[in-house]
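J.: My file is protein_29.txt. It has compact mmCIF, C-alpha atoms:
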```txt
# COMPACT_ATOMS: atom_id res chain seq x y z
CA MET A 174 -45.20 -82.11 -39.13
CA SER A 175 -49.01 -82.44 -39.21
CA ARG A 176 -50.62 -80.19 -41.81
CA THR A 177 -54.10 -79.28 -43.00
CA LEU A 178 -55.18 -78.81 -46.63
CA PHE A 179 -58.10 -76.47 -47.24
CA ILE A 180 -59.49 -76.38 -50.80
CA LEU A 181 -62.19 -73.81 -51.50
CA THR A 182 -63.88 -73.28 -54.87
CA GLY A 183 -65.59 -70.02 -55.76
CA ALA A 184 -63.21 -68.31 -53.35
CA SER A 185 -62.80 -64.91 -55.01
CA ARG A 186 -65.90 -63.11 -53.75
CA GLY A 187 -69.17 -63.33 -51.83
CA PHE A 188 -69.64 -66.30 -49.55
CA GLY A 189 -66.45 -67.98 -50.79
CA ARG A 190 -64.33 -65.04 -49.70
CA SER A 191 -66.08 -64.99 -46.33
CA VAL A 192 -65.48 -68.72 -45.82
CA ALA A 193 -61.78 -68.34 -46.59
CA LEU A 194 -61.38 -65.57 -44.01
CA ALA A 195 -63.54 -67.32 -41.41
CA PHE A 196 -61.49 -70.51 -41.65
CA ALA A 197 -58.23 -68.55 -41.54
CA SER A 198 -59.23 -66.96 -38.23
CA SER A 199 -60.74 -70.10 -36.69
CA GLY A 200 -59.28 -72.58 -34.27
CA LEU A 201 -59.00 -75.05 -37.13
CA ALA A 202 -56.33 -72.86 -38.73
CA ARG A 203 -54.48 -72.30 -35.46
CA ALA A 204 -54.31 -75.98 -34.52
CA GLN A 205 -51.68 -76.81 -37.14
CA PRO A 206 -50.21 -75.29 -40.34
CA VAL A 207 -52.70 -74.90 -43.17
CA ASP A 208 -52.15 -74.95 -46.92
CA PHE A 209 -54.97 -72.90 -48.42
CA LEU A 210 -55.83 -73.64 -52.06
CA LEU A 211 -58.25 -70.99 -53.32
CA VAL A 212 -59.95 -71.74 -56.64
CA SER A 213 -61.91 -69.38 -58.89
CA ARG A 214 -62.24 -68.08 -62.44
CA GLN A 215 -61.02 -64.65 -61.30
CA ALA A 216 -57.29 -64.75 -60.66
CA SER A 217 -56.87 -61.09 -59.66
CA ALA A 218 -59.71 -61.25 -57.14
CA LEU A 219 -58.20 -64.41 -55.67
CA GLY A 220 -55.00 -62.51 -55.07
CA ASN A 221 -56.95 -59.95 -53.05
CA VAL A 222 -58.45 -62.69 -50.88
CA ALA A 223 -55.01 -64.21 -50.33
CA ARG A 224 -53.74 -60.84 -49.13
CA GLU A 225 -56.73 -60.57 -46.77
CA ILE A 226 -55.77 -63.94 -45.31
CA GLU A 227 -52.33 -62.46 -44.64
CA GLN A 228 -53.98 -59.71 -42.61
CA VAL A 229 -56.03 -62.29 -40.69
CA GLY A 230 -52.77 -64.05 -39.84
CA LYS A 231 -51.28 -60.82 -38.51
CA PHE A 232 -54.38 -60.09 -36.45
CA VAL A 233 -54.63 -63.58 -34.97
CA SER A 234 -50.94 -63.67 -34.15
CA GLY A 235 -50.84 -60.23 -32.62
CA ALA A 236 -47.46 -59.83 -34.33
CA PRO A 237 -47.64 -57.06 -36.94
CA GLU A 238 -43.90 -57.40 -37.50
CA CYS A 239 -44.20 -60.94 -38.89
CA LEU A 240 -42.71 -61.46 -42.32
CA PHE A 241 -44.33 -62.73 -45.50
CA TRP A 242 -42.71 -64.22 -48.56
CA ARG A 243 -44.37 -64.17 -51.98
CA GLU A 244 -43.07 -66.55 -54.57
CA PRO A 245 -44.58 -66.57 -58.08
CA THR A 246 -45.17 -70.02 -59.49
CA ARG A 247 -43.38 -70.08 -62.81
CA ARG A 248 -44.75 -73.37 -64.05
CA LEU A 249 -48.37 -72.26 -63.52
CA LYS A 250 -48.65 -68.57 -64.31
CA THR A 251 -52.20 -68.33 -62.96
CA SER A 252 -51.16 -69.11 -59.40
CA TRP A 253 -49.06 -67.51 -56.73
CA CYS A 254 -48.16 -68.43 -53.19
CA THR A 255 -47.82 -66.56 -49.92
CA LYS A 256 -45.90 -68.22 -47.11
CA ILE A 257 -46.16 -66.99 -43.52
CA ILE A 258 -42.59 -67.38 -42.31
CA GLN A 259 -43.04 -66.50 -38.66
CA ALA A 260 -45.95 -65.36 -36.53
CA SER A 261 -46.50 -66.01 -32.85
CA GLY A 262 -49.82 -67.87 -32.48
CA VAL A 263 -50.02 -68.80 -36.17
CA PRO A 264 -48.46 -72.14 -37.18
CA LYS A 265 -45.16 -71.71 -38.97
CA GLY A 266 -45.18 -72.51 -42.66
CA GLN A 267 -48.80 -71.63 -43.43
CA THR A 268 -49.38 -71.09 -47.17
CA VAL A 269 -51.96 -69.64 -49.52
CA THR A 270 -52.05 -70.72 -53.15
CA THR A 271 -54.49 -69.41 -55.72
CA CYS A 272 -55.61 -71.33 -58.77
CA GLU A 273 -57.57 -69.98 -61.71
CA ALA A 274 -60.06 -72.60 -62.94
CA ASP A 275 -63.20 -72.45 -65.09
CA PHE A 276 -65.76 -75.14 -64.31
CA SER A 277 -67.73 -74.27 -67.44
CA HIS A 278 -64.92 -75.83 -69.48
CA GLN A 279 -66.02 -79.00 -71.25
CA ASN A 280 -62.95 -81.00 -70.25
CA LEU A 281 -63.54 -81.09 -66.51
CA GLU A 282 -61.08 -83.93 -66.02
CA LYS A 283 -58.30 -81.60 -67.16
CA VAL A 284 -59.61 -78.71 -65.05
CA VAL A 285 -59.57 -80.89 -61.93
CA SER A 286 -56.17 -82.34 -62.82
CA ASP A 287 -54.77 -78.81 -63.13
CA ILE A 288 -56.16 -77.89 -59.71
CA PHE A 289 -54.45 -80.90 -58.14
CA THR A 290 -51.07 -79.90 -59.59
CA HIS A 291 -51.09 -77.09 -56.99
CA ILE A 292 -51.03 -79.66 -54.17
CA HIS A 293 -47.39 -80.42 -53.45
CA SER A 294 -47.78 -82.79 -50.51
CA SER A 295 -49.71 -85.95 -49.77
CA ASN A 296 -48.88 -86.08 -46.07
CA TYR A 297 -51.90 -84.21 -44.69
CA THR A 298 -53.60 -85.30 -41.49
CA LYS A 299 -56.68 -83.17 -42.18
CA VAL A 300 -58.11 -82.22 -45.58
CA TYR A 301 -61.11 -80.04 -46.38
CA LEU A 302 -62.94 -79.54 -49.67
CA ILE A 303 -65.55 -76.79 -49.76
CA ASN A 304 -67.71 -77.12 -52.88
CA ASN A 305 -68.86 -73.52 -53.12
CA ALA A 306 -68.46 -72.59 -56.80
CA GLY A 307 -71.64 -72.42 -58.82
CA SER A 308 -73.70 -70.54 -61.35
CA LEU A 309 -77.05 -68.86 -60.79
CA GLY A 310 -77.98 -69.56 -64.39
CA GLN A 311 -81.19 -68.38 -66.02
CA LEU A 312 -83.85 -67.43 -63.49
CA ALA A 313 -87.03 -68.32 -65.34
CA ARG A 314 -89.95 -70.69 -65.16
CA ILE A 315 -89.28 -74.12 -66.64
CA ARG A 316 -91.41 -73.45 -69.73
CA ASP A 317 -89.16 -70.46 -70.52
CA GLN A 318 -85.79 -72.11 -69.92
CA ARG A 319 -83.32 -72.22 -72.81
CA PRO A 320 -81.82 -75.69 -73.42
CA GLU A 321 -78.26 -74.33 -73.53
CA SER A 322 -78.77 -72.59 -70.19
CA ILE A 323 -80.00 -75.78 -68.55
CA GLN A 324 -77.07 -77.75 -69.92
CA LEU A 325 -74.47 -75.21 -68.75
CA GLU A 326 -75.97 -74.83 -65.29
CA ILE A 327 -76.03 -78.58 -64.65
CA HIS A 328 -72.47 -78.84 -65.98
CA VAL A 329 -71.14 -76.16 -63.62
CA ASN A 330 -73.32 -76.81 -60.56
CA VAL A 331 -73.54 -80.61 -60.60
CA THR A 332 -71.07 -82.34 -62.91
CA ALA A 333 -68.05 -80.21 -61.94
CA PRO A 334 -68.29 -80.64 -58.14
CA MET A 335 -68.99 -84.36 -58.60
CA ILE A 336 -65.82 -84.86 -60.62
CA LEU A 337 -63.74 -82.71 -58.26
CA THR A 338 -65.07 -84.47 -55.16
CA ALA A 339 -64.50 -87.93 -56.62
CA ALA A 340 -60.87 -87.03 -57.35
CA PHE A 341 -60.46 -85.52 -53.88
CA LEU A 342 -61.78 -88.64 -52.15
CA LYS A 343 -59.69 -90.93 -54.31
CA ARG A 344 -56.57 -89.05 -53.29
CA PHE A 345 -57.21 -88.44 -49.59
CA ALA A 346 -60.04 -90.53 -48.11
CA SER A 347 -57.80 -93.48 -47.26
CA SER A 348 -54.69 -91.54 -46.25
CA ALA A 349 -55.76 -88.52 -44.17
CA GLU A 350 -56.84 -88.91 -40.56
CA ARG A 351 -59.83 -86.66 -41.26
CA THR A 352 -61.36 -85.88 -44.66
CA VAL A 353 -64.13 -83.27 -44.71
CA VAL A 354 -66.33 -82.45 -47.70
CA VAL A 355 -68.72 -79.50 -47.50
CA ASN A 356 -71.42 -78.92 -50.07
CA VAL A 357 -72.61 -75.30 -50.09
CA SER A 358 -76.28 -76.01 -50.52
CA SER A 359 -79.48 -73.96 -50.40
CA LEU A 360 -82.99 -74.05 -49.02
CA ALA A 361 -83.91 -74.30 -52.70
CA GLY A 362 -82.43 -77.80 -52.67
CA ILE A 363 -85.19 -79.08 -50.40
CA GLN A 364 -88.02 -76.61 -51.10
CA PRO A 365 -89.37 -75.40 -54.49
CA PHE A 366 -89.10 -71.71 -55.41
CA ASP A 367 -90.69 -69.95 -58.35
CA CYS A 368 -88.21 -69.51 -61.25
CA TRP A 369 -85.50 -71.46 -59.43
CA GLY A 370 -86.26 -74.89 -60.92
CA VAL A 371 -82.95 -75.66 -62.63
CA TYR A 372 -80.78 -74.12 -59.90
CA ALA A 373 -82.80 -75.93 -57.22
CA ALA A 374 -82.57 -79.24 -59.08
CA GLY A 375 -78.80 -78.86 -59.11
CA LYS A 376 -78.69 -78.18 -55.37
CA ALA A 377 -80.94 -81.16 -54.66
CA ALA A 378 -78.71 -83.39 -56.78
CA ARG A 379 -75.63 -82.15 -54.93
CA ASP A 380 -77.28 -82.81 -51.55
CA MET A 381 -78.03 -86.41 -52.47
CA PHE A 382 -74.57 -86.89 -53.97
CA HIS A 383 -72.92 -85.73 -50.77
CA SER A 384 -75.29 -87.74 -48.55
CA THR A 385 -74.36 -90.80 -50.57
CA ILE A 386 -70.67 -90.13 -49.93
CA ALA A 387 -71.36 -90.19 -46.17
CA LEU A 388 -73.13 -93.54 -46.54
CA GLU A 389 -70.51 -95.10 -48.78
CA GLU A 390 -67.52 -93.99 -46.74
CA ALA A 391 -69.14 -95.31 -43.55
CA GLU A 392 -69.48 -98.68 -45.28
CA CYS A 393 -65.84 -98.54 -46.37
CA GLU A 394 -64.71 -97.79 -42.83
CA ALA A 395 -66.83 -100.60 -41.41
CA THR A 396 -65.22 -103.02 -43.84
CA GLU A 397 -61.73 -101.75 -43.00
CA LYS A 398 -62.38 -102.17 -39.26
CA LYS A 399 -63.65 -105.70 -39.88
CA ASP A 400 -60.52 -106.48 -41.86
CA ASN A 401 -58.34 -104.85 -39.17
CA THR A 402 -56.99 -102.26 -41.60
CA LEU A 403 -58.51 -99.38 -39.59
CA SER A 404 -58.35 -98.81 -35.84
CA LYS A 405 -61.51 -100.12 -34.14
CA SER A 406 -61.10 -97.52 -31.40
CA SER A 407 -62.13 -94.75 -33.80
CA SER A 408 -65.64 -93.65 -32.74
CA ARG A 409 -66.19 -90.99 -35.41
CA SER A 410 -66.20 -91.31 -39.17
CA ARG A 411 -62.89 -90.57 -40.82
CA VAL A 412 -64.73 -88.99 -43.76
CA ARG A 413 -67.15 -86.26 -42.69
CA VAL A 414 -69.73 -84.72 -45.04
CA LEU A 415 -71.96 -81.69 -44.59
CA SER A 416 -74.44 -79.86 -46.82
CA TYR A 417 -74.68 -76.30 -45.52
CA ALA A 418 -77.33 -73.81 -46.65
CA PRO A 419 -75.90 -70.34 -45.93
CA GLY A 420 -79.23 -68.47 -46.14
CA PRO A 421 -80.31 -65.58 -48.39
CA MET A 422 -77.10 -63.55 -48.22
CA ASP A 423 -76.47 -59.93 -49.10
CA THR A 424 -74.00 -60.63 -51.90
CA GLN A 425 -73.52 -59.85 -55.58
CA MET A 426 -75.53 -62.97 -56.35
CA GLN A 427 -78.51 -61.55 -54.48
CA THR A 428 -78.15 -58.32 -56.42
CA GLN A 429 -78.30 -60.34 -59.62
CA ILE A 430 -81.40 -62.17 -58.39
CA ARG A 431 -83.27 -58.92 -57.70
CA SER A 432 -82.20 -57.60 -61.10
CA ASP A 433 -82.70 -60.61 -63.38
CA MET A 434 -85.61 -62.45 -61.83
CA PRO A 435 -88.98 -62.15 -63.64
CA ASP A 436 -91.71 -60.14 -61.96
CA VAL A 437 -93.04 -62.81 -59.64
CA PRO A 438 -93.99 -62.43 -55.94
CA LEU A 439 -90.69 -63.99 -54.81
CA LYS A 440 -88.74 -61.17 -56.47
CA ASP A 441 -90.73 -58.62 -54.47
CA ALA A 442 -90.00 -60.60 -51.31
CA TYR A 443 -86.25 -60.43 -51.96
CA ILE A 444 -86.43 -56.71 -52.69
CA LYS A 445 -88.29 -56.17 -49.41
CA MET A 446 -85.75 -58.24 -47.46
CA HIS A 447 -82.95 -56.14 -48.93
CA GLN A 448 -84.71 -52.86 -48.14
CA GLU A 449 -85.41 -53.94 -44.57
CA GLY A 450 -81.88 -55.23 -44.00
CA LYS A 451 -83.04 -58.80 -43.43
CA LEU A 452 -80.60 -60.52 -45.77
CA VAL A 453 -77.91 -62.61 -44.11
CA ASN A 454 -74.44 -61.16 -43.75
CA ALA A 455 -72.06 -63.48 -45.63
CA ASP A 456 -69.39 -63.16 -42.92
CA ASP A 457 -71.88 -64.24 -40.24
CA SER A 458 -72.93 -67.27 -42.26
CA ALA A 459 -69.31 -68.23 -42.94
CA LYS A 460 -68.52 -68.03 -39.23
CA ALA A 461 -71.49 -70.30 -38.51
CA LEU A 462 -70.10 -72.85 -40.99
CA SER A 463 -66.64 -72.58 -39.46
CA LYS A 464 -68.16 -73.20 -36.03
CA LEU A 465 -69.94 -76.32 -37.30
CA LEU A 466 -66.68 -77.67 -38.71
CA GLU A 467 -64.72 -76.84 -35.59
CA GLU A 468 -67.25 -78.44 -33.20
CA ASP A 469 -67.61 -81.42 -35.56
CA THR A 470 -70.79 -82.75 -33.91
CA TYR A 471 -73.18 -82.62 -36.87
CA GLU A 472 -74.77 -85.80 -38.20
CA ASN A 473 -72.66 -87.11 -41.05
CA GLY A 474 -74.24 -86.24 -44.40
CA ALA A 475 -76.70 -83.80 -42.84
CA HIS A 476 -78.26 -80.74 -44.49
CA ILE A 477 -78.00 -77.82 -42.05
CA ASP A 478 -79.36 -74.31 -42.62
CA PHE A 479 -77.77 -71.12 -41.29
CA TYR A 480 -80.93 -70.40 -39.31
CA ASP A 481 -80.60 -73.75 -37.51
CA VAL A 482 -77.06 -73.16 -36.24
```
How does this structure look as structure tokens?

T.:
Amino acid sequence: MSRTLFILTGASRGFGRSVALAFASSGLARAQPVDFLLVSRQASALGNVAREIEQVGKFVSGAPECLFWREPTRRLKTSWCTKIIQASGVPKGQTVTTCEADFSHQNLEKVVSDIFTHIHSSNYTKVYLINNAGSLGQLARIRDQRPESIQLEIHVNVTAPMILTAAFLKRFASSAERTVVVNVSSLAGIQPFDCWGVYAAGKAARDMFHSTIALEEAECEATEKKDNTLSKSSSRSRVRVLSYAPGPMDTQMQTQIRSDMPDVPLKDAYIKMHQEGKLVNADDSAKALSKLLEEDTYENGAHIDFYDV
């Protein structure tokens, strides 16, 4: 049976939670069974998101009587699994697995290896990796940045998703019919903002990293077609890459920005946006991302902002 794997980092709250629920209710999740792998530092909050996905399944199916089976994973105590046994309109055998992982850990190779132990199949036709996890870090002008803060922020926001994505591509890029990598980016990745230098540099680095993947994988596919190891009838790239800027969202991260940011004009602008209700609803932005993925017409490797969807 054809299956989809959906890996989402930073899935326990904010935009990550919204993305998980948007994907679960989208046509992508109804097309064939999905194995959700939700990753975050906060195991208990992940469990809440998994239960919300259950409710999405009930709503989409229109079958409130459908049964759910929870099976604790004994080997990995930080994870648990929910299997949808039967629901009209929802593919049979859909699963949600949660994985506690800390990308600030120095041994990222082990962190990524532990995440991949939660994947129990290699026979996926479609695989998605949403690189959403990240750290806001120290909001300060460059002259006031602490060296340890810079080092940690680059480790979490740049090094970790690079290592995870490389492992993901190595495992699935040549086997799945469609491999999709989404970088949750920011306007700060292409435009400078006061006191956002280190965070913005990380986003810019991630944008270029993901754009390079689109270029490299296109070259790989061209070579495979030339060597007759890939169907020449395929008109669209097998590996699809998108950098998506979700906009200034009304989340806990925005609350932290308005609280921790030094007294610069940009802070006042964020406070005003919050007071006037002009911040982006995270659910709306997640639905826009889900729509982009479902339509699958974006330029490979593109940077797309919520306001451009």

J.: What gap, in Å, lies between CA of Gly310 in chain A and CA of Glu326 in chain A?

T.: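 Atom-to-atom, CA of Gly310 in chain A and CA of Glu326 in chain A are spaced 5.7 Å apart.
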
J.: Report, in Å with one decimal, the straight-line distance from CA of Met426 in chain A to CA of Ser198 in chain A.

T.: 24.7 Å

J.: Leaving out Glu394 in chain A and any residue of its chain fewer than 3 positions from it, which residues lie within 8 Å of it when counting all atoms listed in the file, given as a list in words?

T.: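 These residues fall inside the cut-off: Glu390, Ala391, Glu397, Lys398, Leu403, Ser410 and Arg411 of chain A.
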
J.: Would you mind telling me which residue in A:Arg344, A:His278, A:His293, A:Lys299 lies nearest to Thr332 in chain A when using all atoms listed in the file?

T.: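 Ranked by minimum distance to Thr332 in chain A, first place goes to A:His278.
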
J.: Put a box with edges along x, y and z around all the listed atoms of range 292-310 of chain A, pad it by 4 Å on each side, then give me its centre and sizes in Å, one decimal, as lines of an AutoDock Vina configuration file.

T.:
```
center_x = -62.7
center_y = -77.5
center_z = -52.9
size_x = 38.6
size_y = 25.2
size_z = 30.9
```

J.: Could you work out how far CA of Met422 in chain A lies from CA of Tyr443 in chain A, giving the answer in Å with one decimal?

T.: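 So the answer is 10.4 Å.
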
J.: When you count only C-alpha atoms, which of these residues is closest to Asn304 in chain A: A:Ala274, A:Ala455, A:Ile363, A:Val357?

T.: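 Under the stated criterion, the closest residue is A:Val357.
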
J.: Excluding same-chain residues fewer than 3 positions from Leu181 in chain A, what lies within 10 Å of it counting all atoms listed in the file, as a PyMOL selection string?

T.: chain A and resi 178+184-185+189-190+192-193+209-213+271+301-306+355

J.: At a cut-off of 12 Å, using all atoms listed in the file, what residues contact Phe479 in chain A? Leave out same-chain residues fewer than 6 positions from it and give the result as a PDB file with C-alpha atoms, in the coordinates of the input.

T.:
```
ATOM      1  CA  VAL A 357     -72.610 -75.300 -50.090  1.00  0.00           C
ATOM      2  CA  SER A 358     -76.280 -76.010 -50.520  1.00  0.00           C
ATOM      3  CA  SER A 359     -79.480 -73.960 -50.400  1.00  0.00           C
ATOM      4  CA  LEU A 360     -82.990 -74.050 -49.020  1.00  0.00           C
ATOM      5  CA  SER A 416     -74.440 -79.860 -46.820  1.00  0.00           C
ATOM      6  CA  TYR A 417     -74.680 -76.300 -45.520  1.00  0.00           C
ATOM      7  CA  ALA A 418     -77.330 -73.810 -46.650  1.00  0.00           C
ATOM      8  CA  PRO A 419     -75.900 -70.340 -45.930  1.00  0.00           C
ATOM      9  CA  GLY A 420     -79.230 -68.470 -46.140  1.00  0.00           C
ATOM     10  CA  PRO A 421     -80.310 -65.580 -48.390  1.00  0.00           C
ATOM     11  CA  MET A 422     -77.100 -63.550 -48.220  1.00  0.00           C
ATOM     12  CA  LEU A 452     -80.600 -60.520 -45.770  1.00  0.00           C
ATOM     13  CA  VAL A 453     -77.910 -62.610 -44.110  1.00  0.00           C
ATOM     14  CA  ASN A 454     -74.440 -61.160 -43.750  1.00  0.00           C
ATOM     15  CA  ALA A 455     -72.060 -63.480 -45.630  1.00  0.00           C
ATOM     16  CA  ASP A 456     -69.390 -63.160 -42.920  1.00  0.00           C
ATOM     17  CA  ASP A 457     -71.880 -64.240 -40.240  1.00  0.00           C
ATOM     18  CA  SER A 458     -72.930 -67.270 -42.260  1.00  0.00           C
ATOM     19  CA  ALA A 459     -69.310 -68.230 -42.940  1.00  0.00           C
ATOM     20  CA  LYS A 460     -68.520 -68.030 -39.230  1.00  0.00           C
ATOM     21  CA  ALA A 461     -71.490 -70.300 -38.510  1.00  0.00           C
ATOM     22  CA  LEU A 462     -70.100 -72.850 -40.990  1.00  0.00           C
ATOM     23  CA  SER A 463     -66.640 -72.580 -39.460  1.00  0.00           C
ATOM     24  CA  LYS A 464     -68.160 -73.200 -36.030  1.00  0.00           C
ATOM     25  CA  LEU A 465     -69.940 -76.320 -37.300  1.00  0.00           C
TER      26      LEU A 465
END
```

J.: From the list A:Glu321, A:Ala377, A:Ser384, A:Phe366, which residue is nearest Pro438 in chain A when using only C-alpha atoms?

T.: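 Using only C-alpha atoms, the shortest distance to Pro438 in chain A belongs to A:Phe366.
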
J.: So, with all atoms listed in the file as the atoms that count, which of A:Pro365, A:Pro334, A:Gly220, A:Pro206 lies closest to Val300 in chain A?

T.: A:Pro206

J.: Just the residues within 8 Å of Val229 in chain A, please, counting all atoms listed in the file, with nothing from its chain fewer than 4 positions along; format it as a list in words.

T.: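 Here the answer would be Leu194, Ala197, Ser198, Glu225 and Val233 of chain A.
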
J.: Need the shell around Val207 in chain A: protein/DNA/RNA residues with any atom at most 6 Å away, counting only C-alpha atoms. Skip same-chain ones fewer than 5 positions apart. Format as a list of chain:residue names?

T.: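 What passes the distance filter is A:Arg176, A:Thr177, A:Leu178, A:Gln267.
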
J.: Using only C-alpha atoms, which of the listed residues (A:Arg413, A:Lys399, A:Gln205, A:Asp433) sits closest to Asp469 in chain A?

T.: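 Using only C-alpha atoms, the shortest distance to Asp469 in chain A belongs to A:Arg413.
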
J.: Between A:Ala378, A:Ala223, A:Ala339, A:Ile386, which has the minimum distance to Ser191 in chain A (counting only C-alpha atoms)?

T.: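 When distances to Ser191 in chain A are compared using only C-alpha atoms, the smallest one comes from A:Ala223.
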
J.: For the point (-87.6, -70.3, -59.4) in the file's frame, write as a list in words all residues with an atom no more than 10 Å away, counting all atoms listed in the file.

T.: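 Residues found, by chain and rising number: Gln311, Leu312, Ala313, Arg314, Ile315, Ala361, Pro365, Phe366, Asp367, Cys368, Trp369, Gly370, Val371, Tyr372, Ala373, Met434, Pro435, Val437, Leu439 and Lys440 of chain A.
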